[in-house]
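**Q** Input: one structure, supplied below.
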Amino acid sequence: MLAWTLVGVPALAWALVHVLALPADIGLAIVLCVLAPPVGSAAAMAAMLGLNAALALAATIVISLLALLYLPPIAALIGGSTVQIDAVAMLGRIVAVIGAAAGTAFALRRFAGAFVARNPSAMTGVSVVGLLTVAVGAMHGMPGHVLGRGVQALQLMALAFAVNIGFQLVGFVLFSRLGVADALTVGLVSGNRNVTLVWVVVAPWLGGLPLVEAYLAASVFPIFMLPLVTKMLIARWPTPACRLKPHS
C-alpha cells in the first residue's frame, strides 16, 4: 500500500500526462500534486467516514517523512526547463513545514495528552479547521483567476476533480481484496494529497507559471467536497454485508 501511494500514484500520473500529451504547465502541476504525501487530515477524514484511520495515519506519517528525501530532487528534475527549482532551498522549506507540524503534535501529546484522548471528536474538528485555514492560503490566487479567466478556471477545477476521483478509484480497485473499508482508505490517500505542502515549498519558483498555481489552488476543492460525496455513497451502499464499521 505504501509503495503504491508513494511510487505508484506519481508514476501513473507521469505516464498519463505524457500519454495524453497535456500542456507542460498542467502536466507539471498534476505530477507535483501527486508527489506530495497524503493530505495531513487524511486520518481525520477516514475517521469521519468510518474507514481505517490508523492505516491513513500510518501512510501520511511515513510518506511525509520520506518527502524530505524525494520531493526536492524529483521536483527539480521534473521541473526541467519549465521551472528551475533549488532543491536545497526546497528541502529547507519542507523541513520547516513538517517540523512545525511535528512540533505541534509533540506539544499536544506532551502537555494535553489526556485532553486529546478524552476528546477525539474535538481533535477531528481541529484538523478540519486546520485544513480550511491552509486551504484559504493555498487558494489565494483563485478568485482573480476565476474573474479573469472563468472558463479556464472551471476547466482546471474539473480536471482537479477528475484526477482526485480517478486516483481514488484506482486505489480502491487495486486494493479491493483488503475489504471495502481498507480499499476506500487506500483510495482516500491516493487521491487526496497535501497540495498545500507542495504549494508552500515550490511557491518561490512559480512566479511565471500562473497555470500551475491555479491548478494547485483548484485541486484543494475536491479535498473538501469529495468526502461528503463518499459519505453519501457509503450510506447508500447496496449490500448490507459490505457496510463499513468504524475502526477503533
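Residue numbering restarts at 1 in every chain; chains get A, B, ... in the order shown in the C-alpha cells, and ligands count up from 1 in that same order.
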Using only C-alpha atoms, which residues of stretch 169-201 of chain A come within 9 Å of stretch 92-97 of chain A, and what is the closest atom pair for each, with the distance in Å to one decimal? Give it as a Markdown table, sorted by chain and residue number.

**A**
| residue | atom | partner | partner_atom | distance |
| --- | --- | --- | --- | --- |
| A:Leu197 | CA | A:Val97 | CA | 7.3 |
| A:Val198 | CA | A:Ile94 | CA | 8.6 |
| A:Val200 | CA | A:Arg93 | CA | 7.6 |
| A:Val201 | CA | A:Arg93 | CA | 5.5 |

**Q** Please provide the set of residues having any atom within 6 Å of stretch 24-38 of chain A, restricted to only C-alpha atoms, with same-chain residues fewer than 6 positions apart removed, written as a list in words.

**A** Pro10, Val17, Thr60, Ile63, Ser64, Val189, Asn192, Arg193, Asn194, Val195 and Val212 of chain A

**Q** Mind writing the picked residues with N, CA and C atoms as a compact mmCIF listing (two decimals), in the first residue's frame?

**A**
# COMPACT_ATOMS: atom_id res chain seq x y z
N PRO A 10 2.42 8.66 -8.30
CA PRO A 10 3.16 9.62 -9.14
C PRO A 10 3.58 9.02 -10.48
N VAL A 17 0.18 11.83 -18.03
CA VAL A 17 0.49 13.18 -18.53
C VAL A 17 1.17 13.10 -19.88
N THR A 60 0.27 8.59 5.96
CA THR A 60 0.57 10.03 5.97
C THR A 60 1.89 10.31 6.65
N ILE A 63 5.05 8.69 4.57
CA ILE A 63 5.34 9.36 3.30
C ILE A 63 5.72 10.82 3.52
N SER A 64 5.16 11.45 4.54
CA SER A 64 5.54 12.84 4.84
C SER A 64 7.01 12.91 5.23
N VAL A 189 -6.19 8.14 0.45
CA VAL A 189 -4.83 8.69 0.49
C VAL A 189 -4.20 8.75 -0.90
N ASN A 192 -6.24 12.20 -2.37
CA ASN A 192 -6.17 13.43 -1.57
C ASN A 192 -4.75 13.65 -1.07
N ARG A 193 -4.04 14.54 -1.74
CA ARG A 193 -2.63 14.77 -1.41
C ARG A 193 -2.45 16.13 -0.73
N ASN A 194 -1.32 16.27 -0.08
CA ASN A 194 -1.03 17.50 0.66
C ASN A 194 -0.60 18.60 -0.31
N VAL A 195 -1.57 19.11 -1.04
CA VAL A 195 -1.31 20.14 -2.04
C VAL A 195 -0.70 21.39 -1.41
N VAL A 212 0.11 26.68 -13.18
CA VAL A 212 0.48 25.72 -12.14
C VAL A 212 -0.12 26.13 -10.81

**Q** Quote the spacing between atom CA of A:Ala13 and atom CA of A:Val170 in Å to one decimal place.

**A** 11.5 Å

**Q** Smallest atom-to-atom distance to A:Val220: which of A:Ala89, A:Leu178, A:Ala44, A:Met157, using only C-alpha atoms?

**A**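 The closest residue to A:Val220 is A:Met157.
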
**Q** A:Trp4: which residues within 10 Å, counting only C-alpha atoms, same-chain residues fewer than 3 positions away excluded, as a compact mmCIF listing (two decimals) with C-alpha atoms, in the first residue's frame?

**A**
# COMPACT_ATOMS: atom_id res chain seq x y z
CA MET A 1 0.00 0.00 0.00
CA VAL A 7 5.63 5.48 -6.06
CA GLY A 8 2.68 4.08 -7.97
CA VAL A 9 0.47 7.17 -7.90
CA PRO A 10 3.16 9.62 -9.14
CA ALA A 11 4.40 7.10 -11.72
CA LEU A 12 0.90 6.57 -13.11
CA GLY A 171 -6.52 2.82 -5.40
CA LEU A 174 -6.20 -2.24 -6.74
CA PHE A 175 -6.69 -2.93 -3.03
CA VAL A 186 -6.20 3.49 0.17
CA SER A 190 -4.23 8.06 -3.22

**Q** Find the distance between atom CA of A:Arg118 and atom CA of A:Ala47 and write it in Å to one decimal.

**A** 15.7 Å

**Q** List the neighbours of A:Phe161 out to 8 Å using only C-alpha atoms; skip same-chain residues closer than 5 positions along the sequence, and give me the result as a list of chain:residue names.

**A**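 The contact residues come out as A:Ser219, A:Phe221, A:Pro222.
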
**Q** Output the selection as a PDB file, in the first residue's frame - N, CA and C atoms for each residue.

**A**
ATOM      1  N   SER A 219      -7.086  22.203  -7.014  1.00  0.00           N
ATOM      2  CA  SER A 219      -7.040  20.831  -6.502  1.00  0.00           C
ATOM      3  C   SER A 219      -7.380  20.742  -5.023  1.00  0.00           C
ATOM      4  N   PHE A 221     -10.196  22.038  -3.787  1.00  0.00           N
ATOM      5  CA  PHE A 221     -11.651  21.901  -3.704  1.00  0.00           C
ATOM      6  C   PHE A 221     -12.110  20.450  -3.581  1.00  0.00           C
ATOM      7  N   PRO A 222     -11.576  19.505  -4.376  1.00  0.00           N
ATOM      8  CA  PRO A 222     -12.015  18.119  -4.213  1.00  0.00           C
ATOM      9  C   PRO A 222     -11.744  17.566  -2.823  1.00  0.00           C
TER      10      PRO A 222
END

**Q** Interatomic distance between atom CA of A:Leu20 and atom CA of A:Thr230?

**A**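 Answer for the atom CA of A:Leu20 to atom CA of A:Thr230 separation: 27.8 Å.
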
**Q** Which is closest to A:Ala53 among A:Leu184, A:Leu211, A:Ile223, A:Ala235, if we use only C-alpha atoms?

**A**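 Going through A:Leu184, A:Leu211, A:Ile223, A:Ala235 one by one, the smallest distance to A:Ala53 is for A:Leu184.
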